[in-house]
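*Asks:* Following this message is one structure expressed as structure tokens.
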Amino acid sequence: MSGILYFVPTPVGNLEDMTFRAIKVLKEVDYILCEDTRTSGVLLKHYEISKPLKSYHLHNEHTATEKVITDLQSGQNIAIITDAGTPGISDPGYLLAKAGSDNNIEMICLPGATALIPALVVSGLPNNEFLFAGFLPPKKGRQTKLKQLAEEKKTIVFYESPHKINTTLEQIKEFFGEETRASLSREISKKFEETKRGTINELIEFSKSKTLKGEIVLIVNNSVK
């Protein structure tokens with residue numbers, strides 16, 4: 001009988017965002033897949049979880065997936081976590097989920113921490129329908145993607161890094177229009193959590209006035225005035 005593959009969200013900031021169920025699952029599985037054993041080691045030590053850790057990241061997931069599936073088929077229960085948030089959401093996990101589906105492995109994803117939902121809720125922009133765009137292409141295809149998204153009437157959620165945010169804001173202004181409403185959240189669930197709302201011009205001014213740190217969630221909607 002095959003084992004169960006658990007996708008376990010981990011805190012995006014405050015360690016207290018870890019759920020009781022997540023802790024229980026991590027204590028009971030045979031081993032845990034993680035992006036960085038050092039980062040995950042801090043979290044697991046905090047919750048007194050002592051299980052074998054195996055690296056599973058963007059650079060080895062293609063080769064590691066086959067072994068994980070074999071272990072699951074042999075009856076082992078395995079959890080996958082990432083450095084922060086829910087596995088598979090702009091993080092390693094999709095290839096393993098696909099392989100699990102292809103091999104009829106039982107998979108359970110626990111509800112829990114992710115950066116996009118808190119940022120969307122406090123954005124003040126319509127959230128009954130939204131499009132999650134994740135990270136934009138770094139270079140090739142970036143403008144094509146922005147042109148496509150500019151036609152979207154739903155609220156759009158982007159992930160962005162601090163060193164690219166100014167460029168991204170300027171490009172959104174170019175393709176979406178300067179009246180586009182936006183919200184920028186950073187350091188979600190951490191000590192210096194901050195959200196700035198306004199027009200895209202106001203966010204550009206805000207972003208250029210200070211050095212932003214931490215991963216950023218950018219919410220935009222060009223159909224709301």
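A note on labels: chains of the structure tokens are A, B, ... as shown, every chain counts residues from 1, and ligands are counted from 1 in their shown order.
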Could you list, as a list of chain:residue names, every residue within 7 Å of A:Pro162, counting only C-alpha atoms and ignoring same-chain residues fewer than 4 positions away?
*Replies:*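 In the requested form, the answer reads A:Leu212, A:Lys213, A:Gly214, A:Glu215, A:Ile216.
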*Asks:* Could you tell me, as number ranges by chain, which residues of stretch 18-177 of chain A DSSP assigns to strand (DSSP E or B) when given the backbone?
*Replies:* A: 31-34, 53-55, 78-80, 85, 106-109, 130-135, 155-160
*Asks:* Could those selected residues go to a file with N, CA and C atoms, as an mmCIF file, in the first residue's frame?
*Replies:*
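As written to disk, part31.cif reads:
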data_model
loop_
_atom_site.group_PDB
_atom_site.id
_atom_site.type_symbol
_atom_site.label_atom_id
_atom_site.label_comp_id
_atom_site.auth_asym_id
_atom_site.auth_seq_id
_atom_site.Cartn_x
_atom_site.Cartn_y
_atom_site.Cartn_z
ATOM 1 N N TYR A 31 10.135 11.000 6.380
ATOM 2 C CA TYR A 31 11.147 12.032 6.178
ATOM 3 C C TYR A 31 10.516 13.258 5.527
ATOM 4 N N ILE A 32 11.297 14.359 5.522
ATOM 5 C CA ILE A 32 10.793 15.650 5.067
ATOM 6 C C ILE A 32 11.669 16.174 3.938
ATOM 7 N N LEU A 33 11.028 16.561 2.848
ATOM 8 C CA LEU A 33 11.716 17.228 1.750
ATOM 9 C C LEU A 33 11.715 18.729 2.006
ATOM 10 N N CYS A 34 12.830 19.397 1.755
ATOM 11 C CA CYS A 34 12.879 20.841 1.999
ATOM 12 C C CYS A 34 13.816 21.511 1.011
ATOM 13 N N LEU A 53 15.939 15.059 6.971
ATOM 14 C CA LEU A 53 15.673 16.079 5.964
ATOM 15 C C LEU A 53 16.395 15.720 4.671
ATOM 16 N N LYS A 54 15.701 15.880 3.546
ATOM 17 C CA LYS A 54 16.306 15.653 2.244
ATOM 18 C C LYS A 54 16.070 16.876 1.365
ATOM 19 N N SER A 55 17.105 17.304 0.665
ATOM 20 C CA SER A 55 17.005 18.499 -0.176
ATOM 21 C C SER A 55 16.100 18.239 -1.382
ATOM 22 N N ILE A 78 5.638 10.881 3.345
ATOM 23 C CA ILE A 78 6.636 11.927 3.119
ATOM 24 C C ILE A 78 5.969 13.293 3.116
ATOM 25 N N ALA A 79 6.645 14.275 3.702
ATOM 26 C CA ALA A 79 6.153 15.654 3.668
ATOM 27 C C ALA A 79 7.120 16.511 2.862
ATOM 28 N N ILE A 80 6.578 17.480 2.152
ATOM 29 C CA ILE A 80 7.412 18.465 1.467
ATOM 30 C C ILE A 80 7.094 19.839 2.039
ATOM 31 N N GLY A 85 5.907 29.468 3.174
ATOM 32 C CA GLY A 85 4.670 29.403 2.404
ATOM 33 C C GLY A 85 4.284 27.991 2.013
ATOM 34 N N GLU A 106 -1.672 9.035 -2.993
ATOM 35 C CA GLU A 106 -2.563 9.881 -2.200
ATOM 36 C C GLU A 106 -1.789 11.132 -1.771
ATOM 37 N N MET A 107 -2.365 12.288 -2.044
ATOM 38 C CA MET A 107 -1.714 13.559 -1.708
ATOM 39 C C MET A 107 -2.658 14.423 -0.889
ATOM 40 N N ILE A 108 -2.104 15.029 0.148
ATOM 41 C CA ILE A 108 -2.880 15.917 1.009
ATOM 42 C C ILE A 108 -2.104 17.219 1.175
ATOM 43 N N CYS A 109 -2.759 18.325 0.868
ATOM 44 C CA CYS A 109 -2.147 19.642 1.109
ATOM 45 C C CYS A 109 -2.834 20.282 2.301
ATOM 46 N N PHE A 130 -9.824 36.816 -8.691
ATOM 47 C CA PHE A 130 -8.485 37.370 -8.897
ATOM 48 C C PHE A 130 -7.646 36.402 -9.714
ATOM 49 N N LEU A 131 -6.580 36.930 -10.291
ATOM 50 C CA LEU A 131 -5.658 36.138 -11.098
ATOM 51 C C LEU A 131 -4.292 36.172 -10.429
ATOM 52 N N PHE A 132 -3.749 35.002 -10.139
ATOM 53 C CA PHE A 132 -2.418 34.937 -9.543
ATOM 54 C C PHE A 132 -1.392 34.777 -10.657
ATOM 55 N N ALA A 133 -0.572 35.803 -10.860
ATOM 56 C CA ALA A 133 0.419 35.792 -11.943
ATOM 57 C C ALA A 133 1.801 35.373 -11.464
ATOM 58 N N GLY A 134 2.019 35.302 -10.147
ATOM 59 C CA GLY A 134 3.319 34.904 -9.625
ATOM 60 C C GLY A 134 4.420 35.863 -10.047
ATOM 61 N N PHE A 135 5.606 35.335 -10.292
ATOM 62 C CA PHE A 135 6.730 36.152 -10.748
ATOM 63 C C PHE A 135 6.648 36.341 -12.260
ATOM 64 N N THR A 155 -8.630 41.557 -10.447
ATOM 65 C CA THR A 155 -7.461 41.939 -9.668
ATOM 66 C C THR A 155 -6.356 40.918 -9.929
ATOM 67 N N ILE A 156 -5.124 41.418 -10.091
ATOM 68 C CA ILE A 156 -3.986 40.558 -10.407
ATOM 69 C C ILE A 156 -2.977 40.594 -9.260
ATOM 70 N N VAL A 157 -2.470 39.431 -8.904
ATOM 71 C CA VAL A 157 -1.496 39.297 -7.829
ATOM 72 C C VAL A 157 -0.141 38.903 -8.414
ATOM 73 N N PHE A 158 0.882 39.693 -8.096
ATOM 74 C CA PHE A 158 2.246 39.404 -8.531
ATOM 75 C C PHE A 158 3.125 39.151 -7.306
ATOM 76 N N TYR A 159 4.149 38.334 -7.475
ATOM 77 C CA TYR A 159 5.257 38.263 -6.529
ATOM 78 C C TYR A 159 6.416 39.011 -7.167
ATOM 79 N N GLU A 160 7.184 39.739 -6.351
ATOM 80 C CA GLU A 160 8.348 40.444 -6.895
ATOM 81 C C GLU A 160 9.435 40.566 -5.837
#
*Asks:* Using only C-alpha atoms, what does the table of stretch 96-164 of chain A residues within 7 Å of stretch 174-187 of chain A look like, with each row giving the shortest atom pair and its distance in Å to one decimal, sorted by chain and ascending number, as CSV?
*Replies:*
residue,atom,partner,partner_atom,distance
A:Ala119,CA,A:Ser185,CA,5.9
A:Ser123,CA,A:Ser183,CA,5.3
A:Leu146,CA,A:Phe175,CA,6.6
A:Lys147,CA,A:Phe175,CA,6.1
A:Ala150,CA,A:Phe176,CA,5.1
*Asks:* Emit the selected residues as a PDB file, in the first residue's frame, including all heavy atoms.
*Replies:*
ATOM      1  N   ALA A 119      -2.055  39.568   1.569  1.00  0.00           N
ATOM      2  CA  ALA A 119      -1.839  40.800   0.805  1.00  0.00           C
ATOM      3  C   ALA A 119      -3.075  41.171   0.006  1.00  0.00           C
ATOM      4  O   ALA A 119      -3.439  42.347  -0.089  1.00  0.00           O
ATOM      5  CB  ALA A 119      -0.641  40.631  -0.128  1.00  0.00           C
ATOM      6  N   SER A 123      -5.529  44.611   0.568  1.00  0.00           N
ATOM      7  CA  SER A 123      -5.282  45.548  -0.537  1.00  0.00           C
ATOM      8  C   SER A 123      -6.420  46.540  -0.725  1.00  0.00           C
ATOM      9  O   SER A 123      -6.220  47.638  -1.255  1.00  0.00           O
ATOM     10  CB  SER A 123      -5.063  44.781  -1.845  1.00  0.00           C
ATOM     11  OG  SER A 123      -6.280  44.194  -2.301  1.00  0.00           O
ATOM     12  N   LEU A 146       2.947  41.222 -19.844  1.00  0.00           N
ATOM     13  CA  LEU A 146       2.319  42.419 -19.297  1.00  0.00           C
ATOM     14  C   LEU A 146       1.227  42.951 -20.230  1.00  0.00           C
ATOM     15  O   LEU A 146       0.174  43.394 -19.762  1.00  0.00           O
ATOM     16  CB  LEU A 146       3.374  43.494 -19.044  1.00  0.00           C
ATOM     17  CG  LEU A 146       4.241  43.276 -17.801  1.00  0.00           C
ATOM     18  CD1 LEU A 146       5.441  44.211 -17.799  1.00  0.00           C
ATOM     19  CD2 LEU A 146       3.420  43.474 -16.523  1.00  0.00           C
ATOM     20  N   LYS A 147       1.466  42.895 -21.519  1.00  0.00           N
ATOM     21  CA  LYS A 147       0.437  43.316 -22.476  1.00  0.00           C
ATOM     22  C   LYS A 147      -0.811  42.450 -22.340  1.00  0.00           C
ATOM     23  O   LYS A 147      -1.941  42.937 -22.387  1.00  0.00           O
ATOM     24  CB  LYS A 147       0.981  43.228 -23.909  1.00  0.00           C
ATOM     25  CG  LYS A 147       1.982  44.311 -24.273  1.00  0.00           C
ATOM     26  CD  LYS A 147       2.493  44.115 -25.706  1.00  0.00           C
ATOM     27  CE  LYS A 147       3.539  45.157 -26.065  1.00  0.00           C
ATOM     28  NZ  LYS A 147       4.082  44.938 -27.435  1.00  0.00           N
ATOM     29  N   ALA A 150      -2.624  43.245 -19.044  1.00  0.00           N
ATOM     30  CA  ALA A 150      -3.241  44.580 -19.043  1.00  0.00           C
ATOM     31  C   ALA A 150      -4.690  44.541 -19.523  1.00  0.00           C
ATOM     32  O   ALA A 150      -5.469  45.447 -19.217  1.00  0.00           O
ATOM     33  CB  ALA A 150      -2.423  45.538 -19.902  1.00  0.00           C
TER      34      ALA A 150
END
*Asks:* Using only C-alpha atoms, which residue out of A:Lys67, A:Lys24, A:Lys164, A:Lys191 lies closest to A:Leu218?
*Replies:*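 Counting only C-alpha atoms, the residue closest to A:Leu218 is A:Lys164.
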*Asks:* What's the separation between atom CA of A:Glu129 and atom CA of A:Gly112, in Å to one decimal place?
*Replies:*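 Here the two named atoms are 20.2 Å from each other.
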*Asks:* Could you tell me how far atom CA of A:Ser189 sits from atom CA of A:Leu120, in Å to one decimal place?
*Replies:*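 That distance, rounded to one decimal, is 13.8 Å.
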*Asks:* Residues near stretch 57-63 of chain A, anyone? I mean within 12 Å using only C-alpha atoms, not counting same-chain ones fewer than 6 positions away, as number ranges by chain.
*Replies:* A: 33-37, 69, 80-83, 87-88, 90-99
*Asks:* Those same residues, written as a short mmCIF file (atom, residue, chain, number, x, y, z; two decimals), in the first residue's frame with all heavy atoms?
*Replies:*
data_model
loop_
_atom_site.label_atom_id
_atom_site.label_comp_id
_atom_site.auth_asym_id
_atom_site.auth_seq_id
_atom_site.Cartn_x
_atom_site.Cartn_y
_atom_site.Cartn_z
N LEU A 33 11.03 16.56 2.85
CA LEU A 33 11.72 17.23 1.75
C LEU A 33 11.72 18.73 2.01
O LEU A 33 10.69 19.28 2.42
CB LEU A 33 11.02 16.94 0.42
CG LEU A 33 10.90 15.47 0.01
CD1 LEU A 33 9.94 15.34 -1.16
CD2 LEU A 33 12.26 14.90 -0.35
N CYS A 34 12.83 19.40 1.75
CA CYS A 34 12.88 20.84 2.00
C CYS A 34 13.82 21.51 1.01
O CYS A 34 14.70 20.88 0.44
CB CYS A 34 13.30 21.14 3.43
SG CYS A 34 14.95 20.55 3.84
N GLU A 35 13.60 22.82 0.81
CA GLU A 35 14.46 23.59 -0.11
C GLU A 35 15.88 23.71 0.42
O GLU A 35 16.85 23.47 -0.28
CB GLU A 35 13.88 24.99 -0.31
CG GLU A 35 12.77 25.09 -1.31
CD GLU A 35 12.41 26.54 -1.57
OE1 GLU A 35 11.60 27.11 -0.81
OE2 GLU A 35 12.93 27.10 -2.55
N ASP A 36 15.99 24.13 1.67
CA ASP A 36 17.29 24.39 2.29
C ASP A 36 17.27 23.76 3.68
O ASP A 36 16.49 24.17 4.54
CB ASP A 36 17.55 25.89 2.37
CG ASP A 36 18.96 26.23 2.83
OD1 ASP A 36 19.47 25.56 3.75
OD2 ASP A 36 19.55 27.18 2.28
N THR A 37 18.11 22.77 3.89
CA THR A 37 18.10 22.07 5.18
C THR A 37 18.46 22.99 6.34
O THR A 37 17.99 22.78 7.46
CB THR A 37 19.08 20.88 5.14
OG1 THR A 37 20.39 21.36 4.78
CG2 THR A 37 18.63 19.83 4.14
N ILE A 69 8.91 9.23 -5.39
CA ILE A 69 7.76 8.41 -5.81
C ILE A 69 7.99 6.95 -5.46
O ILE A 69 7.08 6.25 -4.96
CB ILE A 69 7.48 8.57 -7.32
CG1 ILE A 69 7.03 10.02 -7.63
CG2 ILE A 69 6.41 7.58 -7.77
CD1 ILE A 69 5.76 10.46 -6.95
N ILE A 80 6.58 17.48 2.15
CA ILE A 80 7.41 18.47 1.47
C ILE A 80 7.09 19.84 2.04
O ILE A 80 5.92 20.20 2.22
CB ILE A 80 7.22 18.45 -0.07
CG1 ILE A 80 8.06 19.57 -0.72
CG2 ILE A 80 5.76 18.56 -0.47
CD1 ILE A 80 8.10 19.51 -2.24
N ILE A 81 8.14 20.57 2.38
CA ILE A 81 8.00 21.95 2.84
C ILE A 81 8.94 22.82 2.01
O ILE A 81 9.85 22.31 1.35
CB ILE A 81 8.33 22.11 4.34
CG1 ILE A 81 9.78 21.70 4.63
CG2 ILE A 81 7.36 21.31 5.20
CD1 ILE A 81 10.20 21.90 6.08
N THR A 82 8.72 24.12 2.04
CA THR A 82 9.63 25.06 1.38
C THR A 82 10.16 26.03 2.44
O THR A 82 9.80 25.93 3.62
CB THR A 82 8.93 25.83 0.26
OG1 THR A 82 7.79 26.52 0.79
CG2 THR A 82 8.46 24.88 -0.83
N ASP A 83 11.01 26.95 2.03
CA ASP A 83 11.57 27.90 2.99
C ASP A 83 10.48 28.72 3.65
O ASP A 83 10.60 29.11 4.81
CB ASP A 83 12.57 28.83 2.30
CG ASP A 83 13.86 28.11 1.92
OD1 ASP A 83 14.08 26.97 2.40
OD2 ASP A 83 14.64 28.67 1.13
N PRO A 87 4.11 24.81 -0.49
CA PRO A 87 4.85 24.20 -1.60
C PRO A 87 4.04 24.22 -2.89
O PRO A 87 2.82 24.00 -2.88
CB PRO A 87 5.06 22.76 -1.12
CG PRO A 87 4.99 22.83 0.37
CD PRO A 87 3.99 23.90 0.67
N GLY A 88 4.71 24.52 -3.99
CA GLY A 88 4.06 24.53 -5.29
C GLY A 88 3.57 25.89 -5.73
O GLY A 88 3.29 26.10 -6.91
N SER A 90 4.74 29.14 -6.57
CA SER A 90 6.00 29.83 -6.91
C SER A 90 7.18 29.25 -6.14
O SER A 90 8.17 29.94 -5.86
CB SER A 90 5.88 31.34 -6.65
OG SER A 90 4.99 31.93 -7.56
N ASP A 91 7.09 27.98 -5.78
CA ASP A 91 8.13 27.26 -5.07
C ASP A 91 8.13 25.82 -5.57
O ASP A 91 7.15 25.39 -6.20
CB ASP A 91 7.88 27.28 -3.54
CG ASP A 91 8.37 28.55 -2.88
OD1 ASP A 91 9.46 29.03 -3.25
OD2 ASP A 91 7.68 29.06 -1.98
N PRO A 92 9.18 25.04 -5.27
CA PRO A 92 9.17 23.63 -5.68
C PRO A 92 7.94 22.89 -5.15
O PRO A 92 7.48 23.16 -4.04
CB PRO A 92 10.46 23.09 -5.05
CG PRO A 92 11.34 24.27 -4.90
CD PRO A 92 10.43 25.42 -4.58
N GLY A 93 7.44 21.96 -5.93
CA GLY A 93 6.29 21.18 -5.49
C GLY A 93 5.41 20.72 -6.63
O GLY A 93 4.82 19.63 -6.57
N TYR A 94 5.34 21.52 -7.70
CA TYR A 94 4.44 21.16 -8.80
C TYR A 94 4.84 19.84 -9.46
O TYR A 94 3.99 18.97 -9.71
CB TYR A 94 4.40 22.27 -9.87
CG TYR A 94 3.81 21.76 -11.17
CD1 TYR A 94 2.46 21.43 -11.27
CD2 TYR A 94 4.63 21.56 -12.29
CE1 TYR A 94 1.94 20.93 -12.45
CE2 TYR A 94 4.10 21.05 -13.47
CZ TYR A 94 2.76 20.74 -13.55
OH TYR A 94 2.25 20.22 -14.70
N LEU A 95 6.14 19.67 -9.77
CA LEU A 95 6.57 18.45 -10.43
C LEU A 95 6.26 17.21 -9.60
O LEU A 95 5.87 16.17 -10.13
CB LEU A 95 8.08 18.51 -10.72
CG LEU A 95 8.53 19.41 -11.87
CD1 LEU A 95 10.05 19.34 -12.01
CD2 LEU A 95 7.88 18.98 -13.18
N LEU A 96 6.41 17.35 -8.29
CA LEU A 96 6.12 16.22 -7.40
C LEU A 96 4.62 15.94 -7.36
O LEU A 96 4.20 14.78 -7.35
CB LEU A 96 6.65 16.52 -6.00
CG LEU A 96 6.65 15.36 -5.00
CD1 LEU A 96 7.38 14.15 -5.56
CD2 LEU A 96 7.28 15.80 -3.69
N ALA A 97 3.82 16.99 -7.36
CA ALA A 97 2.36 16.80 -7.37
C ALA A 97 1.92 16.13 -8.66
O ALA A 97 1.04 15.26 -8.67
CB ALA A 97 1.67 18.15 -7.21
N LYS A 98 2.52 16.53 -9.78
CA LYS A 98 2.18 15.92 -11.07
C LYS A 98 2.57 14.44 -11.08
O LYS A 98 1.80 13.57 -11.51
CB LYS A 98 2.88 16.64 -12.21
CG LYS A 98 2.51 16.09 -13.60
CD LYS A 98 3.22 16.83 -14.70
CE LYS A 98 2.75 16.34 -16.07
NZ LYS A 98 2.92 14.87 -16.25
N ALA A 99 3.78 14.16 -10.59
CA ALA A 99 4.23 12.77 -10.54
C ALA A 99 3.35 11.94 -9.59
O ALA A 99 3.04 10.79 -9.88
CB ALA A 99 5.69 12.71 -10.09
#
*Asks:* Just the helix (DSSP H, G or I) stuff from stretch 29-204 of chain A, please, per backbone DSSP, written as an NGL selection string.
*Replies:* :A and (37-46 or 61-73 or 94-102 or 116-122 or 142-149 or 165-176 or 200-204)
*Asks:* In Å to one decimal, how far is atom CA of A:Gly13 from atom CA of A:Phe206?
*Replies:* 22.8 Å
*Asks:* May I ask which of the residues A:Arg197, A:Lys145, A:Lys45, A:Lys51 is the closest one to A:Asp30, counting only C-alpha atoms?
*Replies:*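 Nearest to A:Asp30: A:Lys51.
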*Asks:* Considering only C-alpha atoms, can you say which of A:Gly141, A:Met1, A:Thr211, A:Glu193 comes closest to A:His163?
*Replies:* A:Thr211
*Asks:* Would you mind telling me which residue in A:Ile23, A:Leu149, A:Leu116, A:Ile4 lies nearest to A:Asn104 when using only C-alpha atoms?
*Replies:*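 Result for the nearest residue to A:Asn104: A:Ile4.
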*Asks:* Which of these residues is nearest to A:Asn14, using only C-alpha atoms: A:Leu43, A:Ile172, A:Leu136, A:Val68?
*Replies:* A:Leu43
*Asks:* Taking only C-alpha atoms into account, which of A:Leu44, A:Ala113, A:Val220, A:Leu169 comes nearest A:Leu125?
*Replies:* A:Val220
